[in-house]
>>> print(open('target_29.txt').read())   # compact mmCIF, C-alpha atoms
# COMPACT_ATOMS: atom_id res chain seq x y z
CA MET A 180 -24.57 -35.95 -7.83
CA SER A 181 -25.48 -33.99 -4.74
CA CYS A 182 -23.03 -32.08 -2.59
CA LEU A 183 -22.50 -32.79 1.06
CA LYS A 184 -22.80 -30.69 4.15
CA GLY A 185 -20.92 -30.87 7.43
CA CYS A 186 -20.80 -29.31 10.87
CA ILE A 187 -17.97 -26.79 11.28
CA ASN A 188 -18.36 -26.57 15.06
CA LYS A 189 -14.98 -27.83 16.27
CA LYS A 190 -16.46 -28.97 19.57
CA CYS A 191 -19.13 -31.08 17.91
CA GLU A 192 -18.62 -34.82 17.72
CA THR A 193 -19.77 -34.95 14.10
CA ASN A 194 -17.04 -32.46 13.18
CA LYS A 195 -14.41 -34.60 14.84
CA ASN A 196 -15.71 -37.65 12.99
CA LYS A 197 -16.00 -35.64 9.75
CA GLN A 198 -19.58 -36.82 9.39
CA THR A 199 -21.40 -35.55 6.31
CA TYR A 200 -25.09 -34.89 5.72
CA PRO A 201 -27.24 -34.68 2.59
CA GLU A 202 -27.79 -31.26 1.06
CA LYS A 203 -31.34 -30.97 2.42
CA PHE A 204 -30.04 -30.79 6.02
CA ASP A 205 -29.59 -27.24 7.29
CA TYR A 206 -28.64 -27.76 10.93
CA CYS A 207 -26.49 -30.29 12.76
CA PRO A 208 -28.63 -32.93 14.46
CA LYS A 209 -26.04 -33.19 17.27
CA CYS A 210 -25.21 -29.61 18.22
CA GLY A 211 -27.76 -27.54 16.31
CA GLU A 212 -25.15 -25.39 14.53
CA ARG A 213 -25.73 -24.46 10.91
CA LEU A 214 -24.33 -26.93 8.39
CA TYR A 215 -22.13 -25.81 5.51
CA TYR A 216 -21.01 -27.41 2.29
CA VAL A 217 -17.81 -29.34 2.88
CA CYS A 218 -15.32 -31.26 0.77
CA LYS A 219 -16.22 -34.93 0.63
CA GLU A 220 -12.58 -35.88 1.11
CA CYS A 221 -10.92 -33.42 3.53
CA TYR A 222 -13.95 -31.72 5.11
CA THR A 223 -12.76 -28.21 4.15
CA GLN A 224 -15.65 -25.76 4.14
CA LEU A 225 -16.65 -24.87 0.57
CA PRO A 226 -18.14 -21.52 -0.51
CA ASP A 227 -21.18 -23.09 -2.19
CA GLY A 228 -22.76 -26.34 -3.25
CA SER A 229 -21.40 -26.35 -6.79
CA LYS A 230 -18.68 -28.93 -6.11
CA GLN A 231 -18.23 -32.09 -4.07
CA TYR A 232 -14.50 -31.68 -3.59
CA CYS A 233 -12.19 -28.79 -2.82
CA GLU A 234 -9.76 -27.88 -5.59
CA LEU A 235 -6.80 -29.67 -4.01
CA CYS A 236 -8.67 -32.94 -3.38
CA TRP A 237 -10.12 -32.76 -6.89
CA GLU A 238 -6.61 -32.43 -8.29
CA LYS A 239 -5.40 -35.33 -6.17
CA LYS A 240 -8.16 -37.50 -7.59
CA GLN A 241 -7.33 -36.31 -11.09
CA ASN A 242 -3.66 -37.09 -10.56
CA ALA A 243 -4.47 -40.62 -9.44
CA LYS A 244 -6.56 -41.18 -12.56
CA GLU A 245 -3.96 -39.60 -14.84
CA LYS A 246 -1.27 -41.81 -13.37
CA ALA A 247 -3.47 -44.87 -13.94
CA VAL A 248 -4.08 -43.82 -17.55
CA ASP A 249 -0.38 -43.22 -18.10
CA ALA A 250 0.44 -46.61 -16.62
CA VAL A 251 -2.03 -48.28 -18.98
CA ALA A 252 -0.68 -46.30 -21.90
CA ALA A 253 2.83 -47.43 -21.03
CA LEU A 254 1.54 -50.98 -20.96
CA VAL A 255 -0.01 -50.54 -24.41
CA ASP A 256 3.33 -49.45 -25.75
CA LEU A 257 4.87 -52.65 -24.48
CA ILE A 258 2.37 -54.89 -26.33
CA PRO A 259 3.17 -54.90 -30.07
CA ASN A 260 0.08 -54.83 -32.33
CA GLY A 261 -2.13 -56.14 -29.57
CA GLY A 262 -2.87 -53.11 -27.50
CA ALA A 263 -6.09 -51.92 -29.16
CA ALA A 264 -8.35 -53.31 -26.49
CA VAL A 265 -6.13 -51.97 -23.73
CA LYS A 266 -6.02 -48.62 -25.49
CA ASN A 267 -9.80 -48.50 -25.49
CA ILE A 268 -9.78 -49.06 -21.76
CA ALA A 269 -7.24 -46.27 -21.34
CA ASP A 270 -9.42 -43.93 -23.44
CA THR A 271 -12.45 -44.81 -21.35
CA ILE A 272 -10.57 -44.04 -18.13
CA GLY A 273 -9.33 -40.82 -19.71
CA LYS A 274 -12.88 -39.75 -20.59
CA PHE A 275 -14.02 -40.62 -17.10
CA SER A 276 -11.23 -38.59 -15.54
CA ASN A 277 -12.35 -35.50 -17.49
CA ARG A 278 -15.76 -35.55 -15.88
CA ARG A 279 -15.90 -33.00 -13.09
CA LYS A 280 -18.59 -34.52 -10.94
CA MET B 65 -17.39 5.51 30.92
CA PHE B 66 -13.96 5.16 29.37
CA SER B 67 -11.61 2.33 30.15
CA VAL B 68 -8.44 1.05 28.58
CA LYS B 69 -8.68 -2.15 30.59
CA ASN B 70 -10.15 -4.18 27.76
CA VAL B 71 -7.60 -2.96 25.28
CA ASN B 72 -4.78 -3.65 27.70
CA ALA B 73 -6.10 -7.16 28.16
CA ALA B 74 -5.98 -7.69 24.40
CA LEU B 75 -2.59 -6.06 24.07
CA GLY B 76 -1.32 -7.88 27.12
CA THR B 77 -1.30 -11.12 25.13
CA VAL B 78 1.60 -9.71 23.10
CA LEU B 79 5.04 -9.54 24.68
CA SER B 80 6.58 -6.09 24.93
CA SER B 81 9.02 -5.25 22.13
CA LYS B 82 11.57 -4.45 24.86
CA GLU B 83 11.52 -8.09 25.95
CA LEU B 84 12.19 -9.34 22.44
CA SER B 85 15.23 -9.19 20.20
CA PHE B 86 15.02 -7.41 16.85
CA THR B 87 15.33 -10.68 14.99
CA ASP B 88 12.44 -12.29 16.82
CA ASP B 89 9.51 -13.01 14.52
CA ALA B 90 7.14 -11.56 17.09
CA TYR B 91 9.01 -8.23 17.23
CA PRO B 92 7.02 -6.22 14.58
CA ALA B 93 3.67 -7.07 16.14
CA ALA B 94 5.04 -6.33 19.61
CA LEU B 95 6.42 -2.96 18.47
CA LEU B 96 3.07 -1.96 16.98
CA ALA B 97 1.20 -3.24 20.05
CA ASP B 98 3.49 -1.18 22.30
CA GLY B 99 2.79 1.93 20.22
CA LEU B 100 -0.97 1.40 20.31
CA LYS B 101 -0.87 0.68 24.02
CA ASP B 102 1.01 3.90 24.54
CA ILE B 103 -1.61 5.87 22.60
CA LEU B 104 -4.44 4.35 24.57
CA GLU B 105 -2.83 4.70 27.97
CA ARG B 106 -1.27 8.11 27.60
CA VAL B 107 -3.18 10.06 25.02
CA VAL B 108 -6.78 8.91 24.92
CA PRO B 109 -7.66 9.06 28.64
CA ALA B 110 -6.06 12.51 28.86
CA VAL B 111 -8.26 13.76 26.03
CA VAL B 112 -11.37 12.25 27.52
CA ASP B 113 -10.52 13.76 30.92
CA ASP B 114 -10.08 17.20 29.33
CA VAL B 115 -13.42 17.01 27.58
CA TYR B 116 -15.23 15.73 30.65
CA ASN B 117 -13.74 18.41 32.85
CA VAL B 118 -15.08 21.05 30.50
CA LEU B 119 -18.51 19.45 30.64
CA LEU B 120 -18.49 19.05 34.40
CA GLU B 121 -17.28 22.59 35.01
CA GLN B 122 -20.22 23.91 33.08
CA ASN B 123 -22.55 21.49 34.83
CA VAL B 124 -24.15 20.72 31.49
CA LEU B 125 -23.96 17.31 29.93
CA PRO B 126 -25.12 17.31 26.35
CA THR B 127 -28.38 15.56 25.73
CA GLN B 128 -26.77 13.12 23.30
CA VAL B 129 -24.29 11.89 25.89
CA GLN B 130 -26.99 11.61 28.56
CA PHE B 131 -29.01 9.47 26.22
CA LEU B 132 -26.05 7.20 25.71
CA LEU B 133 -25.62 6.77 29.45
CA LYS B 134 -29.29 6.29 30.35
CA LYS B 135 -31.65 3.51 29.52
CA GLY B 136 -35.16 4.26 28.24
CA TYR B 137 -36.28 7.35 26.39
CA ARG B 138 -38.19 10.63 26.75
CA TYR B 139 -40.35 12.78 24.51
CA VAL B 140 -39.21 16.19 23.36
CA VAL B 141 -41.21 18.82 21.52
CA ASP B 142 -39.92 19.13 18.02
CA MET B 143 -40.58 22.41 16.20
CA ASP B 144 -39.32 23.83 12.96
CA GLU B 145 -37.21 26.97 12.63
CA ASP B 146 -40.16 29.25 11.75
CA THR B 147 -42.14 28.17 14.83
CA ARG B 148 -39.11 28.65 17.04
CA ARG B 149 -38.48 32.12 15.60
CA GLY B 150 -42.20 32.91 15.99
CA LEU B 151 -42.02 31.99 19.66
CA GLU B 152 -38.91 34.10 20.18
CA GLU B 153 -40.44 37.10 18.40
CA GLY B 154 -43.67 36.73 20.35
CA ARG B 155 -45.90 35.96 17.36
CA LEU B 156 -46.70 32.52 18.79
CA LYS B 157 -47.27 31.53 22.38
CA LEU B 158 -47.30 28.28 24.27
CA VAL B 159 -49.83 27.88 27.06
CA THR B 160 -48.39 28.53 30.48
CA GLU B 161 -50.13 27.27 33.61
CA HIS B 162 -48.80 27.83 37.11
CA GLY B 163 -45.61 29.15 35.61
CA LYS B 164 -44.97 25.96 33.55
CA MET B 165 -45.16 25.70 29.81
CA THR B 166 -47.28 22.72 28.75
CA ALA B 167 -48.31 20.58 25.80
CA GLN B 168 -51.65 18.83 25.92
CA ILE B 169 -52.40 15.22 24.91
CA ARG B 170 -55.48 14.35 22.89
CA GLU B 171 -56.94 11.03 24.11
CA ALA B 172 -58.20 8.23 21.84
CA ASN B 173 -61.83 9.34 22.37
CA GLY B 174 -61.00 12.78 21.01
CA GLN B 175 -61.08 14.57 24.35
CA TYR B 176 -58.14 16.55 25.66
CA GLY B 177 -56.13 14.71 28.28
CA PRO B 178 -53.51 15.74 30.83
CA LYS B 179 -51.05 18.52 30.19
CA LEU B 180 -47.36 17.71 30.03
CA PRO B 181 -44.73 20.25 30.98
CA ILE B 182 -42.26 21.39 28.35
CA LYS B 183 -38.81 21.96 29.65
CA LYS B 184 -36.54 24.38 27.86
CA GLU B 185 -32.97 23.11 27.81
CA TYR B 186 -30.15 25.52 27.05
CA LEU B 187 -27.13 24.33 25.20
CA SER B 188 -24.02 26.04 26.45
CA ALA B 189 -22.56 28.48 23.95
CA GLU B 190 -19.06 27.72 25.24
CA LEU B 191 -19.41 24.00 24.65
CA ASN B 192 -17.81 22.83 21.45
CA PRO B 193 -20.01 20.14 19.88
CA LEU B 194 -16.86 18.76 18.30
CA GLN B 195 -15.71 17.71 21.74
CA VAL B 196 -18.86 15.70 22.27
CA VAL B 197 -18.44 14.07 18.88
CA ASN B 198 -14.86 13.26 19.74
CA ILE B 199 -15.82 11.43 22.92
CA LEU B 200 -17.90 9.14 20.78
CA GLN B 201 -15.19 8.92 18.14
CA ILE B 202 -12.48 8.06 20.61
CA ASN B 203 -14.65 5.33 22.04
CA ALA B 204 -15.17 3.97 18.55
CA LEU B 205 -11.43 4.31 17.92
CA GLN B 206 -10.69 2.33 21.06
CA ASP B 207 -12.95 -0.47 19.86
CA LYS B 208 -11.31 -0.45 16.42
CA LEU B 209 -7.79 -0.59 17.86
CA GLN B 210 -8.84 -3.47 20.07
CA ILE B 211 -10.30 -5.42 17.16
CA ILE B 212 -7.30 -4.69 14.94
CA THR B 213 -4.88 -5.79 17.65
CA GLU B 214 -6.80 -9.02 18.21
CA GLN B 215 -6.93 -9.75 14.47
CA ILE B 216 -3.26 -8.92 13.95
CA ASN B 217 -2.32 -11.14 16.89
CA MET B 218 -4.28 -14.00 15.36
CA ILE B 219 -2.61 -13.52 11.96
CA ASP B 220 0.76 -13.11 13.61
CA ILE B 221 0.60 -16.51 15.31
CA GLY B 222 0.06 -18.18 11.93
CA VAL B 223 2.80 -16.10 10.33
CA GLN B 224 5.36 -16.96 12.97
CA ARG B 225 4.76 -20.65 12.35
CA ILE B 226 5.48 -20.16 8.66
CA LEU B 227 8.56 -18.03 9.25
CA GLN B 228 10.20 -20.59 11.52
CA GLY B 229 13.27 -21.89 9.81
CA GLN B 230 12.62 -19.93 6.65
CA GLN B 231 15.87 -19.06 4.95
CA ASN B 232 15.45 -17.69 1.47
CA ASP B 233 15.72 -14.58 -0.64
CA ARG B 234 12.16 -13.55 0.14
CA ILE B 235 13.14 -12.49 3.61
CA GLY B 236 16.38 -10.64 2.67
CA LEU B 237 14.98 -7.16 2.07
CA TYR B 238 12.84 -7.39 5.15
CA TYR B 239 15.83 -8.21 7.34
CA SER B 240 17.77 -5.40 5.67
CA GLY B 241 15.08 -2.92 6.75
CA MET B 242 14.88 -4.46 10.19
CA ASN B 243 18.66 -4.21 10.72
CA LEU B 244 18.79 -0.61 9.51
CA TYR B 245 16.07 0.26 12.00
CA GLN B 246 17.93 -1.58 14.74
CA GLU B 247 21.13 0.36 13.95
CA SER B 248 19.26 3.65 13.88
CA LYS B 249 18.20 3.10 17.50
CA TYR B 250 21.83 3.21 18.62
CA ILE B 251 22.85 6.33 16.70
CA ALA B 252 23.26 9.51 18.71
CA ASP B 253 23.36 11.94 15.79
CA ASN B 254 19.76 12.88 14.97
CA GLU B 255 20.36 13.54 11.29
CA LEU B 256 22.01 10.18 10.70
CA LYS B 257 19.39 8.48 12.86
CA ASN B 258 16.57 9.97 10.77
CA ALA B 259 18.32 9.06 7.52
CA LEU B 260 18.77 5.46 8.62
CA THR B 261 15.17 5.21 9.82
CA ALA B 262 14.01 6.53 6.44
CA GLN B 263 16.15 3.93 4.66
CA ALA B 264 14.77 1.21 6.91
CA LEU B 265 11.23 2.27 6.08
CA ARG B 266 12.07 2.25 2.40
CA ALA B 267 13.60 -1.22 2.52
CA LEU B 268 10.55 -2.52 4.37
CA SER B 269 8.23 -0.89 1.87
CA GLU B 270 10.15 -2.40 -1.05
CA ALA B 271 10.17 -5.82 0.61
CA ALA B 272 6.41 -5.67 1.10
CA TYR B 273 5.56 -4.52 -2.41
CA GLN B 274 8.01 -6.78 -4.26
CA LEU B 275 6.62 -9.77 -2.41
CA THR B 276 3.08 -8.58 -3.03
CA LEU B 277 3.76 -8.84 -6.76
CA THR B 278 5.33 -12.28 -6.35
CA MET B 279 2.37 -13.42 -4.31
CA GLN B 280 -0.15 -12.03 -6.81
CA SER B 281 1.70 -13.78 -9.62
CA ASP B 282 1.60 -17.09 -7.69
CA ILE B 283 -2.11 -16.70 -7.02
CA GLN B 284 -2.79 -15.86 -10.67
CA TYR B 285 -0.91 -19.02 -11.70
CA LEU B 286 -3.31 -21.04 -9.57
CA VAL B 287 -6.40 -19.07 -10.67
CA ASP B 288 -5.49 -19.72 -14.33
CA LYS B 289 -5.11 -23.44 -13.50
CA LYS B 290 -1.65 -23.52 -15.08
CA TYR B 291 -0.83 -26.36 -12.69
CA ARG B 292 -2.83 -28.61 -15.00
CA GLU B 293 0.23 -28.65 -17.27
CA ALA B 294 1.96 -30.85 -14.69
CA ARG B 295 0.05 -33.98 -15.65
CA GLY B 296 -0.27 -36.42 -12.79
CA ASN B 297 1.52 -34.07 -10.42
CA SER B 298 -0.71 -30.99 -10.29
CA ALA B 299 -1.62 -31.42 -6.61
CA GLU B 300 2.06 -31.25 -5.66
CA VAL B 301 2.50 -28.15 -7.83
CA ILE B 302 -0.43 -26.50 -6.04
CA LYS B 303 1.11 -27.34 -2.67
CA GLU B 304 4.47 -25.86 -3.71
CA ARG B 305 2.84 -22.65 -4.94
CA MET B 306 0.76 -22.38 -1.80
CA ASN B 307 3.89 -22.79 0.28
CA GLY B 308 5.42 -19.87 -1.64
CA ILE B 309 2.27 -17.79 -1.20
CA LYS B 310 2.23 -18.41 2.54
CA GLN B 311 5.91 -17.50 2.87
CA SER B 312 5.40 -14.30 0.88
CA PHE B 313 2.41 -13.41 2.99
CA ALA B 314 4.36 -13.99 6.20
CA VAL B 315 7.10 -11.55 5.20
CA ILE B 316 4.62 -8.98 3.81
CA HIS B 317 2.75 -9.11 7.10
CA GLN B 318 5.96 -8.58 9.08
CA ALA B 319 7.12 -5.73 6.84
CA PHE B 320 3.79 -3.85 7.06
CA LEU B 321 3.60 -4.33 10.81
CA LEU B 322 7.15 -3.18 11.41
CA ARG B 323 6.61 -0.06 9.29
CA ALA B 324 3.39 0.72 11.16
CA GLY B 325 5.21 0.09 14.45
CA ILE B 326 8.07 2.43 13.52
CA TYR B 327 5.65 5.22 12.55
CA CYS B 328 3.69 4.64 15.73
CA GLU B 329 6.89 4.88 17.78
CA LEU B 330 7.75 8.14 16.03
CA ASN B 331 4.24 9.41 16.89
CA GLU B 332 3.39 9.68 13.19
CA LEU B 333 -0.13 8.37 13.61
CA ALA B 334 -1.49 9.47 10.26
CA ALA B 335 1.42 7.72 8.51
CA MET B 336 0.84 4.65 10.65
CA SER B 337 -2.80 4.59 9.65
CA MET B 338 -1.76 4.91 5.99
CA VAL B 339 0.52 1.88 6.32
CA LEU B 340 -2.29 -0.08 7.94
CA ASP B 341 -4.56 1.09 5.16
CA GLY B 342 -2.01 -0.13 2.60
CA TYR B 343 -2.04 -3.46 4.39
CA ALA B 344 -5.83 -3.47 4.27
CA GLN B 345 -5.73 -2.74 0.53
CA PHE B 346 -3.29 -5.59 0.04
CA ILE B 347 -5.58 -7.88 2.02
CA GLU B 348 -8.57 -6.81 -0.03
CA ASN B 349 -6.97 -7.00 -3.47
CA THR B 350 -4.82 -10.06 -2.96
CA ILE B 351 -6.40 -12.19 -0.27
CA ALA B 352 -10.07 -11.36 0.30
CA LYS B 353 -10.66 -11.46 -3.46
CA HIS B 354 -9.34 -15.02 -3.70
CA ALA B 355 -10.12 -16.26 -0.18
CA ASP B 356 -12.69 -18.78 -1.43
CA ARG B 357 -10.06 -20.50 -3.56
CA LEU B 358 -7.05 -20.03 -1.31
CA VAL B 359 -8.79 -22.09 1.37
CA GLN B 360 -9.26 -24.89 -1.15
CA TRP B 361 -5.63 -24.89 -2.29
CA ASP B 362 -4.25 -24.79 1.23
CA GLU B 363 -4.35 -28.20 2.86
CA ASP B 364 -3.78 -26.65 6.31
CA ASP B 365 -6.89 -24.48 6.13
CA ASP B 366 -10.30 -25.75 7.18
CA GLY B 367 -12.12 -23.06 5.18
CA THR B 368 -14.04 -21.67 8.16
CA GLU B 369 -14.24 -18.02 9.20
CA LYS B 370 -11.57 -18.73 11.80
CA GLY B 371 -9.32 -20.38 9.24
CA PHE B 372 -5.96 -19.05 8.04
CA TRP B 373 -7.22 -17.12 4.99
CA ARG B 374 -10.76 -16.07 5.84
CA SER B 375 -9.70 -14.56 9.15
CA ARG B 376 -7.26 -12.34 7.24
CA ALA B 377 -9.94 -11.12 4.89
CA LYS B 378 -11.78 -9.61 7.86
CA LEU B 379 -8.96 -7.24 8.77
CA LYS B 380 -9.70 -4.98 5.83
CA THR B 381 -12.92 -3.39 7.06
CA THR B 382 -11.64 -2.69 10.55
CA VAL B 383 -8.44 -1.05 9.36
CA SER B 384 -10.28 1.06 6.80
CA ASP B 385 -12.60 2.38 9.49
CA LEU B 386 -9.65 3.28 11.71
CA THR B 387 -7.89 5.09 8.87
CA ARG B 388 -11.02 7.04 8.05
CA GLN B 389 -11.35 8.13 11.66
CA LEU B 390 -7.71 9.09 12.02
CA ASN B 391 -7.64 11.00 8.75
CA ALA B 392 -10.99 12.79 9.02
CA THR B 393 -10.05 16.33 7.99
CA ASP B 394 -13.08 18.05 9.50
CA LYS B 395 -12.45 16.59 12.92
CA PRO B 396 -9.14 17.55 14.55
CA ILE B 397 -7.18 14.57 15.77
CA TYR B 398 -7.24 14.98 19.52
CA LEU B 399 -4.64 12.26 19.71
CA SER B 400 -2.03 14.76 18.60
CA ILE B 401 -2.83 17.61 20.98
CA VAL B 402 -1.26 16.10 24.10
>>> encode(input="target_29.txt", output="structure tokens")
Amino acid sequence: MSCLKGCINKKCETNKNKQTYPEKFDYCPKCGERLYYVCKECYTQLPDGSKQYCELCWEKKQNAKEKAVDAVAALVDLIPNGGAAVKNIADTIGKFSNRRK
Amino acid sequence: MFSVKNVNAALGTVLSSKELSFTDDAYPAALLADGLKDILERVVPAVVDDVYNVLLEQNVLPTQVQFLLKKGYRYVVDMDEDTRRGLEEGRLKLVTEHGKMTAQIREANGQYGPKLPIKKEYLSAELNPLQVVNILQINALQDKLQIITEQINMIDIGVQRILQGQQNDRIGLYYSGMNLYQESKYIADNELKNALTAQALRALSEAAYQLTLTMQSDIQYLVDKKYREARGNSAEVIKERMNGIKQSFAVIHQAFLLRAGIYCELNELAAMSMVLDGYAQFIENTIAKHADRLVQWDEDDDGTEKGFWRSRAKLKTTVSDLTRQLNATDKPIYLSIV
């Protein structure tokens, strides 16, 4: 999964629209300023291209997944002897949520 | 050559400390700015005038300074010490034609070309090279003070936003120091005044360093990803910690600035530079080191060089340079001679 770049020139239209570009782009097609790695979610400038999201946005995504898993788990507890299939789904979501990228 | 206009323009953006109350969040920065303005207006031009008068009286401007003022360049004959001594003792001789000493150019085709005159320039024995160096140093110092003031102003705006409405124990020690300093200004007895000022400085120092530890501990918590323990709620935990970090930073900034401002007001420039250096160390060890991650935990920061955290990380180099210049032992501080 490739990381995204963005224009950090505040006066540029693409910055205002939080437009992102593929990693291979080095300069903004609109204003010509250098492009930097940005968070896919909040457009915060990132130090390198090792991550798609900033730490806070990553945690927010994790939290959403964890809450979903917990909700499913709570549902499983409510179904006596019949929650195996649902539990499998919960495990799958849990595994997915542990993947960083 | 020398002008305080630019610095005044930068400093002019800060209100005078006399126009502000002690409890105003902008007071520490204003006090420091007033002190720096005073140095630049009163002390630095006087020193530069003194040095220039000496140079003008002797009608000799050192070659280095002339070079700085002129565009272009010129060739000089470079000779080692033995050759120079040989010339002085008469063992060697340069060709003299029509009363002018010359050096001859060899053309590309191997033939000798035109002769160029060699001019002997005397350096005045009465001229202290240290004075020349100091002109350059003071200019550099002026630039540094300007940059520092601009950077501190930028940080200060962010800090004031954070401090607005802040009522917690973090700010207690800082206000204690601030009030002691305020009281000391109204005391007629010099001994008591000095004692109170010393206590104020101590309280401010303690406030800064206690909060530095708190802030470092908060940052370490985030670095170690201990927020992961709050399953499903880690983003909120990060936000809370970041709020604490920003509040700590705001008070630390105020405490350092007020201490530097007090020293500056007392004309203790070396001590002021040490406080600023302490601030620079704090920035380096606590902020610059973690700037890459702080920008990612702070939802109000855009992560750019002009952002909340990265702009602070820049202050370190400038302050360190200023401290080095002010504390250079082999070069007398002309700032203190007036």
>>> interface_residues(input="target_29.txt", of="chain A", to="chain B", cutoff="7 Å", atoms="all atoms listed in the file", output="number ranges by chain")
A: 223-226, 233-235, 238-239, 242-243, 245-246
>>> atom_distance(input="target_29.txt", atom1="atom CA of Pro178 of chain B", atom2="atom CA of Asp146 of chain B")
26.9 Å
>>> closest_residue(input="target_29.txt", among="B:Ile211, B:Ala264, B:Arg376, B:Glu247", to="Leu100 of chain B", atoms="all atoms listed in the file")
B:Ile211
>>> axis_aligned_box(input="target_29.txt", around="segment 242-245 of chain A", padding_each_side="5 Å", output="JSON")
{"center_x": -5.1, "center_y": -39.1, "center_z": -12.1, "size_x": 12.9, "size_y": 14.1, "size_z": 15.4}
>>> atom_distance(input="target_29.txt", atom1="atom CA of Glu332 of chain B", atom2="atom CA of Ser81 of chain B")
18.3 Å
>>> residues_near_point(input="target_29.txt", point="(-26.3, -30.8, 16.3)", cutoff="9 Å", atoms="only C-alpha atoms", output="PyMOL selection string")
chain A and resi 186+191-193+206-213
>>> decode(input="target_29.txt", residues="segment 222-227 of chain A", atoms="all heavy atoms", output="mmCIF file, in the first residue's frame")
data_model
loop_
_atom_site.group_PDB
_atom_site.id
_atom_site.type_symbol
_atom_site.label_atom_id
_atom_site.label_comp_id
_atom_site.auth_asym_id
_atom_site.auth_seq_id
_atom_site.Cartn_x
_atom_site.Cartn_y
_atom_site.Cartn_z
ATOM 1 N N TYR A 222 -4.301 15.107 6.659
ATOM 2 C CA TYR A 222 -3.386 15.902 5.820
ATOM 3 C C TYR A 222 -2.205 16.472 6.608
ATOM 4 O O TYR A 222 -1.521 17.377 6.149
ATOM 5 C CB TYR A 222 -4.164 17.043 5.150
ATOM 6 C CG TYR A 222 -3.693 17.363 3.744
ATOM 7 C CD1 TYR A 222 -3.873 16.483 2.696
ATOM 8 C CD2 TYR A 222 -3.076 18.573 3.469
ATOM 9 C CE1 TYR A 222 -3.467 16.788 1.404
ATOM 10 C CE2 TYR A 222 -2.651 18.901 2.179
ATOM 11 C CZ TYR A 222 -2.848 17.992 1.152
ATOM 12 O OH TYR A 222 -2.447 18.292 -0.115
ATOM 13 N N THR A 223 -1.939 15.955 7.810
ATOM 14 C CA THR A 223 -0.761 16.400 8.561
ATOM 15 C C THR A 223 0.490 15.922 7.836
ATOM 16 O O THR A 223 0.539 14.779 7.368
ATOM 17 C CB THR A 223 -0.778 15.789 9.990
ATOM 18 O OG1 THR A 223 -1.880 16.338 10.679
ATOM 19 C CG2 THR A 223 0.500 16.090 10.753
ATOM 20 N N GLN A 224 1.482 16.792 7.769
ATOM 21 C CA GLN A 224 2.737 16.399 7.095
ATOM 22 C C GLN A 224 3.443 15.321 7.913
ATOM 23 O O GLN A 224 3.605 15.454 9.126
ATOM 24 C CB GLN A 224 3.650 17.618 6.958
ATOM 25 C CG GLN A 224 4.873 17.322 6.114
ATOM 26 C CD GLN A 224 5.854 18.483 6.103
ATOM 27 O OE1 GLN A 224 5.452 19.632 6.178
ATOM 28 N NE2 GLN A 224 7.129 18.173 6.010
ATOM 29 N N LEU A 225 3.868 14.255 7.244
ATOM 30 C CA LEU A 225 4.537 13.145 7.931
ATOM 31 C C LEU A 225 6.044 13.186 7.647
ATOM 32 O O LEU A 225 6.462 13.678 6.596
ATOM 33 C CB LEU A 225 3.955 11.810 7.457
ATOM 34 C CG LEU A 225 2.461 11.608 7.740
ATOM 35 C CD1 LEU A 225 1.966 10.315 7.092
ATOM 36 C CD2 LEU A 225 2.196 11.573 9.229
ATOM 37 N N PRO A 226 6.855 12.698 8.584
ATOM 38 C CA PRO A 226 8.314 12.792 8.400
ATOM 39 C C PRO A 226 8.844 11.959 7.242
ATOM 40 O O PRO A 226 9.844 12.296 6.636
ATOM 41 C CB PRO A 226 8.873 12.306 9.739
ATOM 42 C CG PRO A 226 7.779 11.546 10.382
ATOM 43 C CD PRO A 226 6.502 12.114 9.877
ATOM 44 N N ASP A 227 8.186 10.835 6.945
ATOM 45 C CA ASP A 227 8.662 9.986 5.837
ATOM 46 C C ASP A 227 7.491 9.213 5.245
ATOM 47 O O ASP A 227 6.345 9.382 5.665
ATOM 48 C CB ASP A 227 9.762 9.029 6.330
ATOM 49 C CG ASP A 227 9.328 8.271 7.566
ATOM 50 O OD1 ASP A 227 8.198 7.777 7.567
ATOM 51 O OD2 ASP A 227 10.115 8.179 8.529
#
